[in-house]
$ cat protein-v9.pdb   # PDB, C-alpha atoms, pLDDT in the B column
ATOM      1  CA  MET R   1      -8.408   2.059  12.798  1.00 82.00           C
ATOM      2  CA  THR R   2     -10.182  -0.493  14.948  1.00 83.00           C
ATOM      3  CA  PRO R   3     -12.647  -3.104  13.600  1.00 83.00           C
ATOM      4  CA  ALA R   4     -15.492  -0.903  14.869  1.00 88.00           C
ATOM      5  CA  GLU R   5     -14.085   2.073  12.987  1.00 92.00           C
ATOM      6  CA  TYR R   6     -13.919   0.042   9.777  1.00 91.00           C
ATOM      7  CA  GLN R   7     -17.590  -0.826  10.231  1.00 92.00           C
ATOM      8  CA  ARG R   8     -18.440   2.820  10.798  1.00 95.00           C
ATOM      9  CA  ALA R   9     -16.470   3.813   7.701  1.00 96.00           C
ATOM     10  CA  ARG R  10     -18.449   1.315   5.640  1.00 96.00           C
ATOM     11  CA  ARG R  11     -21.753   2.761   6.841  1.00 96.00           C
ATOM     12  CA  VAL R  12     -20.651   6.362   6.216  1.00 97.00           C
ATOM     13  CA  LEU R  13     -19.455   5.595   2.678  1.00 98.00           C
ATOM     14  CA  MET R  14     -22.674   3.793   1.791  1.00 97.00           C
ATOM     15  CA  ARG R  15     -24.735   6.706   3.027  1.00 97.00           C
ATOM     16  CA  ARG R  16     -22.730   9.370   1.206  1.00 97.00           C
ATOM     17  CA  ASP R  17     -22.080   7.688  -2.131  1.00 97.00           C
ATOM     18  CA  PRO R  18     -24.901   5.631  -3.677  1.00 97.00           C
ATOM     19  CA  ILE R  19     -22.668   4.399  -6.508  1.00 97.00           C
ATOM     20  CA  LEU R  20     -19.936   3.151  -4.220  1.00 97.00           C
ATOM     21  CA  ALA R  21     -22.610   1.772  -1.888  1.00 97.00           C
ATOM     22  CA  GLY R  22     -23.615  -0.817  -4.494  1.00 96.00           C
ATOM     23  CA  ALA R  23     -20.058  -2.124  -4.692  1.00 96.00           C
ATOM     24  CA  ILE R  24     -19.721  -2.151  -0.911  1.00 97.00           C
ATOM     25  CA  ARG R  25     -22.874  -4.248  -0.510  1.00 96.00           C
ATOM     26  CA  GLN R  26     -21.594  -6.749  -3.040  1.00 95.00           C
ATOM     27  CA  ILE R  27     -18.063  -6.957  -1.577  1.00 95.00           C
ATOM     28  CA  GLY R  28     -18.981  -7.075   2.106  1.00 94.00           C
ATOM     29  CA  PRO R  29     -16.878  -6.090   5.142  1.00 93.00           C
ATOM     30  CA  CYS R  30     -13.596  -4.240   4.670  1.00 92.00           C
ATOM     31  CA  LEU R  31     -10.621  -6.550   5.167  1.00 90.00           C
ATOM     32  CA  MET R  32      -7.822  -4.008   4.971  1.00 86.00           C
ATOM     33  CA  ALA R  33      -6.370  -5.051   8.323  1.00 78.00           C
ATOM     34  CA  ASP R  34      -6.246  -8.767   7.535  1.00 75.00           C
ATOM     35  CA  ARG R  35      -3.032  -8.833   5.493  1.00 64.00           C
ATOM     36  CA  GLN R  36       0.006  -6.852   6.529  1.00 64.00           C
ATOM     37  CA  ARG R  37       3.608  -7.241   7.679  1.00 66.00           C
ATOM     38  CA  LYS R  38       4.059  -7.568  11.409  1.00 77.00           C
ATOM     39  CA  ASP R  39       6.308  -4.535  11.899  1.00 92.00           C
ATOM     40  CA  HIS R  40       7.338  -1.300  10.178  1.00 95.00           C
ATOM     41  CA  LEU R  41      10.753  -2.546   9.066  1.00 96.00           C
ATOM     42  CA  SER R  42       9.499  -5.712   7.392  1.00 94.00           C
ATOM     43  CA  ALA R  43       6.744  -3.685   5.713  1.00 94.00           C
ATOM     44  CA  LEU R  44       9.304  -1.308   4.198  1.00 96.00           C
ATOM     45  CA  VAL R  45      11.601  -4.147   3.166  1.00 96.00           C
ATOM     46  CA  GLY R  46       8.612  -5.867   1.578  1.00 93.00           C
ATOM     47  CA  ALA R  47       7.848  -2.704  -0.369  1.00 94.00           C
ATOM     48  CA  ILE R  48      11.360  -2.698  -1.808  1.00 95.00           C
ATOM     49  CA  VAL R  49      11.306  -6.395  -2.639  1.00 94.00           C
ATOM     50  CA  SER R  50       7.935  -6.205  -4.408  1.00 92.00           C
ATOM     51  CA  GLN R  51       8.785  -3.361  -6.778  1.00 90.00           C
ATOM     52  CA  GLN R  52       8.196  -4.311 -10.421  1.00 88.00           C
ATOM     53  CA  LEU R  53       7.423  -7.936  -9.533  1.00 87.00           C
ATOM     54  CA  SER R  54       4.330 -10.072  -9.591  1.00 90.00           C
ATOM     55  CA  THR R  55       2.814 -10.888  -6.217  1.00 87.00           C
ATOM     56  CA  LYS R  56       3.990 -14.504  -6.406  1.00 93.00           C
ATOM     57  CA  ALA R  57       7.579 -13.625  -7.316  1.00 95.00           C
ATOM     58  CA  ALA R  58       7.759 -10.963  -4.610  1.00 94.00           C
ATOM     59  CA  ALA R  59       6.481 -13.414  -1.973  1.00 94.00           C
ATOM     60  CA  THR R  60       9.097 -15.975  -3.006  1.00 96.00           C
ATOM     61  CA  ILE R  61      11.985 -13.517  -2.806  1.00 97.00           C
ATOM     62  CA  PHE R  62      10.776 -12.024   0.473  1.00 96.00           C
ATOM     63  CA  GLY R  63      10.582 -15.539   1.929  1.00 96.00           C
ATOM     64  CA  ARG R  64      14.172 -16.209   0.889  1.00 97.00           C
ATOM     65  CA  PHE R  65      15.230 -12.865   2.336  1.00 97.00           C
ATOM     66  CA  VAL R  66      13.737 -13.416   5.791  1.00 96.00           C
ATOM     67  CA  ALA R  67      15.272 -16.908   5.807  1.00 97.00           C
ATOM     68  CA  LEU R  68      18.629 -15.151   6.148  1.00 97.00           C
ATOM     69  CA  PHE R  69      17.693 -14.260   9.739  1.00 96.00           C
ATOM     70  CA  PRO R  70      17.003 -16.391  12.831  1.00 94.00           C
ATOM     71  CA  ASP R  71      13.371 -17.496  13.155  1.00 91.00           C
ATOM     72  CA  TYR R  72      12.593 -15.886   9.788  1.00 92.00           C
ATOM     73  CA  HIS R  73      12.403 -12.485  11.466  1.00 93.00           C
ATOM     74  CA  ILE R  74      14.318  -9.319  10.531  1.00 95.00           C
ATOM     75  CA  PRO R  75      15.517  -8.138  13.952  1.00 95.00           C
ATOM     76  CA  ASP R  76      16.661  -4.650  12.997  1.00 96.00           C
ATOM     77  CA  ALA R  77      18.308  -2.531  10.309  1.00 96.00           C
ATOM     78  CA  ALA R  78      21.777  -3.492  11.533  1.00 96.00           C
ATOM     79  CA  ALA R  79      21.055  -7.124  10.716  1.00 97.00           C
ATOM     80  CA  ILE R  80      20.235  -6.143   7.142  1.00 97.00           C
ATOM     81  CA  ALA R  81      23.366  -4.031   6.875  1.00 97.00           C
ATOM     82  CA  ALA R  82      25.433  -7.002   8.060  1.00 97.00           C
ATOM     83  CA  GLN R  83      24.363  -9.085   5.064  1.00 97.00           C
ATOM     84  CA  SER R  84      26.777  -9.111   2.160  1.00 97.00           C
ATOM     85  CA  ASP R  85      25.763  -7.945  -1.296  1.00 97.00           C
ATOM     86  CA  GLU R  86      26.387 -11.490  -2.498  1.00 97.00           C
ATOM     87  CA  ALA R  87      23.956 -12.935   0.048  1.00 97.00           C
ATOM     88  CA  LEU R  88      21.291 -10.406  -0.867  1.00 97.00           C
ATOM     89  CA  ARG R  89      21.726 -11.004  -4.573  1.00 97.00           C
ATOM     90  CA  ARG R  90      21.558 -14.753  -3.998  1.00 97.00           C
ATOM     91  CA  VAL R  91      17.987 -14.526  -2.653  1.00 97.00           C
ATOM     92  CA  GLY R  92      16.926 -12.824  -5.880  1.00 97.00           C
ATOM     93  CA  LEU R  93      17.349  -9.103  -5.210  1.00 97.00           C
ATOM     94  CA  SER R  94      18.642  -6.927  -8.020  1.00 96.00           C
ATOM     95  CA  GLY R  95      21.662  -4.702  -7.492  1.00 96.00           C
ATOM     96  CA  GLN R  96      19.353  -1.704  -7.463  1.00 96.00           C
ATOM     97  CA  LYS R  97      17.167  -3.176  -4.730  1.00 97.00           C
ATOM     98  CA  VAL R  98      20.258  -4.042  -2.691  1.00 97.00           C
ATOM     99  CA  SER R  99      21.232  -0.370  -2.863  1.00 97.00           C
ATOM    100  CA  TYR R 100      17.730   0.589  -1.709  1.00 97.00           C
ATOM    101  CA  LEU R 101      18.031  -1.742   1.285  1.00 97.00           C
ATOM    102  CA  ARG R 102      21.431  -0.264   2.105  1.00 97.00           C
ATOM    103  CA  ASP R 103      20.007   3.248   2.055  1.00 98.00           C
ATOM    104  CA  LEU R 104      17.015   2.253   4.193  1.00 98.00           C
ATOM    105  CA  SER R 105      19.266   0.542   6.726  1.00 97.00           C
ATOM    106  CA  SER R 106      21.704   3.434   6.946  1.00 97.00           C
ATOM    107  CA  ARG R 107      18.941   5.991   7.451  1.00 97.00           C
ATOM    108  CA  ILE R 108      17.456   3.953  10.278  1.00 97.00           C
ATOM    109  CA  ALA R 109      20.878   3.383  11.842  1.00 96.00           C
ATOM    110  CA  ASP R 110      21.901   7.047  11.889  1.00 96.00           C
ATOM    111  CA  GLY R 111      18.482   8.319  12.959  1.00 96.00           C
ATOM    112  CA  ARG R 112      17.437  10.075   9.769  1.00 96.00           C
ATOM    113  CA  LEU R 113      14.475   7.691   9.674  1.00 97.00           C
ATOM    114  CA  ASN R 114      12.987   6.896  13.069  1.00 97.00           C
ATOM    115  CA  LEU R 115      10.435   4.137  12.560  1.00 96.00           C
ATOM    116  CA  ASP R 116       9.004   4.526  16.048  1.00 95.00           C
ATOM    117  CA  GLU R 117       7.945   8.117  15.437  1.00 96.00           C
ATOM    118  CA  LEU R 118       6.010   7.373  12.249  1.00 97.00           C
ATOM    119  CA  ASP R 119       2.905   6.317  14.155  1.00 96.00           C
ATOM    120  CA  ALA R 120       2.498   9.792  15.646  1.00 96.00           C
ATOM    121  CA  LEU R 121       3.334  11.886  12.577  1.00 97.00           C
ATOM    122  CA  PRO R 122       0.704  13.441  10.266  1.00 97.00           C
ATOM    123  CA  ASP R 123       0.248  11.699   6.923  1.00 97.00           C
ATOM    124  CA  GLU R 124       2.237  14.196   4.876  1.00 97.00           C
ATOM    125  CA  GLN R 125       5.174  14.067   7.265  1.00 97.00           C
ATOM    126  CA  VAL R 126       5.219  10.273   7.036  1.00 98.00           C
ATOM    127  CA  ILE R 127       5.276  10.612   3.251  1.00 98.00           C
ATOM    128  CA  GLU R 128       8.103  13.139   3.503  1.00 97.00           C
ATOM    129  CA  ARG R 129      10.177  10.820   5.699  1.00 97.00           C
ATOM    130  CA  LEU R 130       9.653   7.768   3.539  1.00 97.00           C
ATOM    131  CA  THR R 131      10.151   9.374   0.142  1.00 97.00           C
ATOM    132  CA  ALA R 132      13.585  10.522   1.308  1.00 97.00           C
ATOM    133  CA  VAL R 133      14.589   6.851   1.232  1.00 97.00           C
ATOM    134  CA  LYS R 134      16.176   5.747  -2.013  1.00 96.00           C
ATOM    135  CA  GLY R 135      13.646   3.890  -4.147  1.00 95.00           C
ATOM    136  CA  PHE R 136      10.547   5.039  -2.268  1.00 96.00           C
ATOM    137  CA  GLY R 137       8.000   7.195  -4.051  1.00 95.00           C
ATOM    138  CA  ARG R 138       4.739   8.682  -2.896  1.00 95.00           C
ATOM    139  CA  TRP R 139       2.772   5.561  -3.868  1.00 93.00           C
ATOM    140  CA  THR R 140       4.899   3.373  -1.571  1.00 93.00           C
ATOM    141  CA  ALA R 141       4.466   5.847   1.282  1.00 96.00           C
ATOM    142  CA  GLU R 142       0.696   5.930   0.733  1.00 96.00           C
ATOM    143  CA  MET R 143       0.514   2.135   0.859  1.00 93.00           C
ATOM    144  CA  PHE R 144       2.462   2.193   4.127  1.00 95.00           C
ATOM    145  CA  LEU R 145       0.044   4.736   5.545  1.00 95.00           C
ATOM    146  CA  MET R 146      -2.969   2.689   4.537  1.00 93.00           C
ATOM    147  CA  PHE R 147      -1.911  -0.881   5.196  1.00 91.00           C
ATOM    148  CA  ARG R 148       0.674  -0.554   7.978  1.00 92.00           C
ATOM    149  CA  LEU R 149      -0.386   2.553   9.910  1.00 93.00           C
ATOM    150  CA  HIS R 150      -4.091   2.112   9.107  1.00 92.00           C
ATOM    151  CA  ARG R 151      -4.561   5.786   8.375  1.00 94.00           C
ATOM    152  CA  PRO R 152      -8.213   6.253   7.392  1.00 95.00           C
ATOM    153  CA  ASP R 153      -8.099   9.118   4.922  1.00 97.00           C
ATOM    154  CA  VAL R 154      -5.530   8.344   2.206  1.00 97.00           C
ATOM    155  CA  LEU R 155      -6.519   8.504  -1.460  1.00 97.00           C
ATOM    156  CA  PRO R 156      -3.742   7.435  -3.868  1.00 96.00           C
ATOM    157  CA  ALA R 157      -5.054   9.402  -6.821  1.00 96.00           C
ATOM    158  CA  GLY R 158      -2.161   8.369  -9.054  1.00 93.00           C
ATOM    159  CA  ASP R 159      -2.718   4.637  -8.670  1.00 95.00           C
ATOM    160  CA  LEU R 160      -3.737   2.986 -11.947  1.00 94.00           C
ATOM    161  CA  GLY R 161      -6.125   0.631 -10.191  1.00 95.00           C
ATOM    162  CA  ILE R 162      -7.955   3.540  -8.571  1.00 97.00           C
ATOM    163  CA  VAL R 163      -8.130   5.337 -11.927  1.00 97.00           C
ATOM    164  CA  ASN R 164      -9.548   2.308 -13.732  1.00 97.00           C
ATOM    165  CA  ALA R 165     -11.966   1.402 -10.949  1.00 97.00           C
ATOM    166  CA  ILE R 166     -13.439   4.900 -10.809  1.00 98.00           C
ATOM    167  CA  GLN R 167     -13.768   5.110 -14.579  1.00 97.00           C
ATOM    168  CA  ARG R 168     -15.628   1.811 -14.700  1.00 97.00           C
ATOM    169  CA  LEU R 169     -17.731   2.172 -11.554  1.00 97.00           C
ATOM    170  CA  TYR R 170     -18.825   5.741 -12.304  1.00 97.00           C
ATOM    171  CA  ARG R 171     -19.121   5.059 -16.042  1.00 96.00           C
ATOM    172  CA  LEU R 172     -16.839   7.877 -17.098  1.00 97.00           C
ATOM    173  CA  ARG R 173     -16.035   8.294 -20.784  1.00 95.00           C
ATOM    174  CA  LYS R 174     -12.393   9.168 -20.093  1.00 95.00           C
ATOM    175  CA  ARG R 175      -9.929   8.099 -17.492  1.00 96.00           C
ATOM    176  CA  PRO R 176     -10.183  10.562 -14.612  1.00 97.00           C
ATOM    177  CA  ASP R 177      -7.120  12.601 -13.743  1.00 96.00           C
ATOM    178  CA  ALA R 178      -5.942  13.131 -10.175  1.00 96.00           C
ATOM    179  CA  LYS R 179      -7.901  16.365  -9.849  1.00 96.00           C
ATOM    180  CA  ARG R 180     -11.186  14.687 -10.730  1.00 97.00           C
ATOM    181  CA  ILE R 181     -10.457  11.690  -8.502  1.00 97.00           C
ATOM    182  CA  LEU R 182      -9.795  13.962  -5.549  1.00 97.00           C
ATOM    183  CA  LYS R 183     -13.028  15.822  -6.268  1.00 97.00           C
ATOM    184  CA  ILE R 184     -15.046  12.590  -6.370  1.00 97.00           C
ATOM    185  CA  GLY R 185     -13.265  11.482  -3.213  1.00 97.00           C
ATOM    186  CA  GLU R 186     -14.388  14.501  -1.194  1.00 97.00           C
ATOM    187  CA  ALA R 187     -17.588  12.611  -0.395  1.00 97.00           C
ATOM    188  CA  TRP R 188     -15.541   9.809   1.169  1.00 98.00           C
ATOM    189  CA  ARG R 189     -13.743  11.892   3.799  1.00 97.00           C
ATOM    190  CA  PRO R 190     -12.561  10.980   6.388  1.00 97.00           C
ATOM    191  CA  TYR R 191     -12.506   7.379   5.107  1.00 97.00           C
ATOM    192  CA  ARG R 192     -10.874   7.649   1.711  1.00 98.00           C
ATOM    193  CA  SER R 193      -8.537   4.736   2.519  1.00 97.00           C
ATOM    194  CA  VAL R 194     -11.505   2.433   2.989  1.00 97.00           C
ATOM    195  CA  ALA R 195     -13.142   3.741  -0.181  1.00 98.00           C
ATOM    196  CA  SER R 196      -9.890   3.034  -2.050  1.00 97.00           C
ATOM    197  CA  TRP R 197      -9.845  -0.530  -0.767  1.00 96.00           C
ATOM    198  CA  TYR R 198     -13.355  -1.094  -2.057  1.00 97.00           C
ATOM    199  CA  LEU R 199     -12.412   0.414  -5.420  1.00 97.00           C
ATOM    200  CA  TRP R 200      -9.506  -2.032  -5.741  1.00 96.00           C
ATOM    201  CA  GLN R 201     -11.817  -4.887  -4.867  1.00 96.00           C
ATOM    202  CA  THR R 202     -14.087  -4.038  -7.811  1.00 96.00           C
ATOM    203  CA  LEU R 203     -11.162  -4.957 -10.101  1.00 93.00           C
ATOM    204  CA  ARG R 204     -10.727  -8.473  -8.757  1.00 85.00           C
ATOM    205  CA  ASN R 205     -12.915 -10.075 -11.407  1.00 61.00           C
ATOM    206  CA  GLU R 206     -11.135  -8.446 -14.330  1.00 57.00           C
ATOM    207  CA  PRO R 207      -9.175 -10.717 -16.704  1.00 44.00           C
ATOM    208  CA  SER R 208      -5.702 -11.400 -15.350  1.00 39.00           C
ATOM    209  CA  ALA R 209      -4.081  -9.763 -18.370  1.00 34.00           C
ATOM    210  CA  THR R 210      -5.352  -6.375 -17.307  1.00 35.00           C
ATOM    211  CA  ALA R 211      -3.765  -6.749 -13.872  1.00 35.00           C
ATOM    212  CA  ALA R 212      -0.389  -7.321 -15.479  1.00 33.00           C
ATOM    213  CA  ASP R 213      -0.318  -3.893 -17.103  1.00 38.00           C
ATOM    214  CA  ASN R 214       0.960  -2.364 -13.872  1.00 42.00           C
ATOM    215  CA  PRO R 215       3.009  -4.336 -11.300  1.00 38.00           C
ATOM    216  CA  LYS R 216       2.035  -1.923  -8.526  1.00 47.00           C
ATOM    217  CA  ARG R 217      -1.624  -2.480  -9.226  1.00 43.00           C
ATOM    218  CA  SER R 218      -1.218  -6.247  -9.198  1.00 39.00           C
ATOM    219  CA  GLN R 219       0.709  -6.164  -5.905  1.00 44.00           C
ATOM    220  CA  LEU R 220      -1.802  -3.943  -4.220  1.00 43.00           C
ATOM    221  CA  ARG R 221      -4.809  -5.998  -5.301  1.00 38.00           C
ATOM    222  CA  SER R 222      -3.242  -9.063  -3.704  1.00 40.00           C
ATOM    223  CA  ARG R 223      -2.297  -7.171  -0.553  1.00 43.00           C
ATOM    224  CA  ALA R 224      -5.791  -5.778  -0.230  1.00 41.00           C
ATOM    225  CA  ARG R 225      -7.510  -9.161  -0.313  1.00 38.00           C
TER     226      ARG R 225
END

$ encode --input "protein-v9.pdb" --output "structure tokens"
Amino acid sequence: MTPAEYQRARRVLMRRDPILAGAIRQIGPCLMADRQRKDHLSALVGAIVSQQLSTKAAATIFGRFVALFPDYHIPDAAAIAAQSDEALRRVGLSGQKVSYLRDLSSRIADGRLNLDELDALPDEQVIERLTAVKGFGRWTAEMFLMFRLHRPDVLPAGDLGIVNAIQRLYRLRKRPDAKRILKIGEAWRPYRSVASWYLWQTLRNEPSATAADNPKRSQLRSRAR
């Protein structure tokens, strides 16, 4: 999506959903494109590093990780594979996350995961490719679609932040399930990604303790700012 497309998405959402429109007016322009990794590989590595960590801890470990490479840049999957387990553990990665990085690197190296082709694939095929990687679930793939590929119509209905934001904004008595979220989100097509970003932004003023109840939610709120 281009800056002009983000502006159009904002106008469409405000016209179609009066409830969401109030939040959009208060929040202002969509800033989804302002914070992201500079390439597909670093985005996927960042997703592995950040799992089950606070935003601050993840940023610290990712900084140590990229410091292993010249100019603080991960050149390719082979460079990751060349790092020893000891070196990866020393920057703060768990043994499990090291195994995830090994699987990601090997899939890129042998062609099972072609990062260059992801830009042209439909959303569901991108999700299929990424969830084949060890440690990647649908949520991670959806975040990649939204924040790296800038796909406009992704609605992560299983995200706790989305669930809580919709319950509060639409004043629902019970937490909505995925089916109800998808139904509400029909009005946001084809800009459900932008609607999701605005929903996350409505949670920014909640007490910090509530953000800690789900590491994924906390990470995403920071990434979306």

$ closest_residue --input "protein-v9.pdb" --among "R:Gly95, R:Pro70, R:Gly135, R:Pro152" --to "Ala33 of chain R" --atoms "only C-alpha atoms"
R:Pro152

$ atom_distance --input "protein-v9.pdb" --atom1 "atom CA of Gly92 of chain R" --atom2 "atom CA of Ser54 of chain R"
13.4 Å

$ residues_around --input "protein-v9.pdb" --residues "Ala187 of chain R" --least-positions-apart "5" --cutoff "9 Å" --atoms "all atoms listed in the file" --output "PyMOL selection string"
chain R and resi 13+16-17+192

$ resolve_selection --input "protein-v9.pdb" --expression "the PyMOL selection byres ((chain R and resi 184) around 12)" --output "VMD selection string"
chain R and resid 16 to 17 19 to 20 155 157 162 to 163 166 to 167 169 to 170 172 176 to 183 185 to 189 192 195 to 196

$ write_last_selection --input "protein-v9.pdb" --atoms "C-alpha atoms" --output "PDB file, in the frame of the given file"
ATOM      1  CA  ARG R  16     -22.730   9.370   1.206  1.00 97.00           C
ATOM      2  CA  ASP R  17     -22.080   7.688  -2.131  1.00 97.00           C
ATOM      3  CA  ILE R  19     -22.668   4.399  -6.508  1.00 97.00           C
ATOM      4  CA  LEU R  20     -19.936   3.151  -4.220  1.00 97.00           C
ATOM      5  CA  LEU R 155      -6.519   8.504  -1.460  1.00 97.00           C
ATOM      6  CA  ALA R 157      -5.054   9.402  -6.821  1.00 96.00           C
ATOM      7  CA  ILE R 162      -7.955   3.540  -8.571  1.00 97.00           C
ATOM      8  CA  VAL R 163      -8.130   5.337 -11.927  1.00 97.00           C
ATOM      9  CA  ILE R 166     -13.439   4.900 -10.809  1.00 98.00           C
ATOM     10  CA  GLN R 167     -13.768   5.110 -14.579  1.00 97.00           C
ATOM     11  CA  LEU R 169     -17.731   2.172 -11.554  1.00 97.00           C
ATOM     12  CA  TYR R 170     -18.825   5.741 -12.304  1.00 97.00           C
ATOM     13  CA  LEU R 172     -16.839   7.877 -17.098  1.00 97.00           C
ATOM     14  CA  PRO R 176     -10.183  10.562 -14.612  1.00 97.00           C
ATOM     15  CA  ASP R 177      -7.120  12.601 -13.743  1.00 96.00           C
ATOM     16  CA  ALA R 178      -5.942  13.131 -10.175  1.00 96.00           C
ATOM     17  CA  LYS R 179      -7.901  16.365  -9.849  1.00 96.00           C
ATOM     18  CA  ARG R 180     -11.186  14.687 -10.730  1.00 97.00           C
ATOM     19  CA  ILE R 181     -10.457  11.690  -8.502  1.00 97.00           C
ATOM     20  CA  LEU R 182      -9.795  13.962  -5.549  1.00 97.00           C
ATOM     21  CA  LYS R 183     -13.028  15.822  -6.268  1.00 97.00           C
ATOM     22  CA  GLY R 185     -13.265  11.482  -3.213  1.00 97.00           C
ATOM     23  CA  GLU R 186     -14.388  14.501  -1.194  1.00 97.00           C
ATOM     24  CA  ALA R 187     -17.588  12.611  -0.395  1.00 97.00           C
ATOM     25  CA  TRP R 188     -15.541   9.809   1.169  1.00 98.00           C
ATOM     26  CA  ARG R 189     -13.743  11.892   3.799  1.00 97.00           C
ATOM     27  CA  ARG R 192     -10.874   7.649   1.711  1.00 98.00           C
ATOM     28  CA  ALA R 195     -13.142   3.741  -0.181  1.00 98.00           C
ATOM     29  CA  SER R 196      -9.890   3.034  -2.050  1.00 97.00           C
TER      30      SER R 196
END

$ closest_residue --input "protein-v9.pdb" --among "R:Arg8, R:Arg89, R:Arg168, R:Arg173" --to "Leu199 of chain R" --atoms "all atoms listed in the file"
R:Arg168

$ atom_distance --input "protein-v9.pdb" --atom1 "atom CA of Arg148 of chain R" --atom2 "atom CA of Lys38 of chain R"
8.5 Å

$ residues_around --input "protein-v9.pdb" --residues "Leu44 of chain R" --least-positions-apart "2" --cutoff "12 Å" --atoms "only C-alpha atoms" --output "ChimeraX atom specification"
/R:36-42,46-51,62,74,76-77,100-101,103-105,108,113,115,130-131,133-137,140-145,147-149

$ atom_distance --input "protein-v9.pdb" --atom1 "atom CA of Asp153 of chain R" --atom2 "atom CA of Lys56 of chain R"
28.9 Å

$ residues_around --input "protein-v9.pdb" --residues "Arg90 of chain R" --least-positions-apart "5" --cutoff "10 Å" --atoms "all atoms listed in the file" --output "list in words"
Ile61, Arg64, Phe65, Ser84 and Asp85 of chain R

$ resolve_selection --input "protein-v9.pdb" --expression "the PyMOL selection byres ((chain R and resi 122) around 12)" --output "PDB file with C-alpha atoms, in the frame of the given file"
ATOM      1  CA  GLU R 117       7.945   8.117  15.437  1.00 96.00           C
ATOM      2  CA  LEU R 118       6.010   7.373  12.249  1.00 97.00           C
ATOM      3  CA  ASP R 119       2.905   6.317  14.155  1.00 96.00           C
ATOM      4  CA  ALA R 120       2.498   9.792  15.646  1.00 96.00           C
ATOM      5  CA  LEU R 121       3.334  11.886  12.577  1.00 97.00           C
ATOM      6  CA  ASP R 123       0.248  11.699   6.923  1.00 97.00           C
ATOM      7  CA  GLU R 124       2.237  14.196   4.876  1.00 97.00           C
ATOM      8  CA  GLN R 125       5.174  14.067   7.265  1.00 97.00           C
ATOM      9  CA  VAL R 126       5.219  10.273   7.036  1.00 98.00           C
ATOM     10  CA  ILE R 127       5.276  10.612   3.251  1.00 98.00           C
ATOM     11  CA  GLU R 128       8.103  13.139   3.503  1.00 97.00           C
ATOM     12  CA  ARG R 129      10.177  10.820   5.699  1.00 97.00           C
ATOM     13  CA  LEU R 145       0.044   4.736   5.545  1.00 95.00           C
ATOM     14  CA  LEU R 149      -0.386   2.553   9.910  1.00 93.00           C
ATOM     15  CA  ARG R 151      -4.561   5.786   8.375  1.00 94.00           C
ATOM     16  CA  PRO R 152      -8.213   6.253   7.392  1.00 95.00           C
ATOM     17  CA  ASP R 153      -8.099   9.118   4.922  1.00 97.00           C
ATOM     18  CA  VAL R 154      -5.530   8.344   2.206  1.00 97.00           C
TER      19      VAL R 154
END

$ residues_around --input "protein-v9.pdb" --residues "Gln26 of chain R" --least-positions-apart "2" --cutoff "12 Å" --atoms "all atoms listed in the file" --output "list in words"
Met14, Ile19, Leu20, Ala21, Gly22, Ala23, Ile24, Gly28, Pro29, Cys30, Tyr198, Leu199, Gln201 and Thr202 of chain R

$ closest_residue --input "protein-v9.pdb" --among "R:Asn114, R:Gln52, R:Gln83, R:Thr2" --to "Arg102 of chain R" --atoms "all atoms listed in the file"
R:Gln83

$ closest_residue --input "protein-v9.pdb" --among "R:Arg25, R:Ser106, R:Asp116, R:Pro3" --to "Ile80 of chain R" --atoms "only C-alpha atoms"
R:Ser106
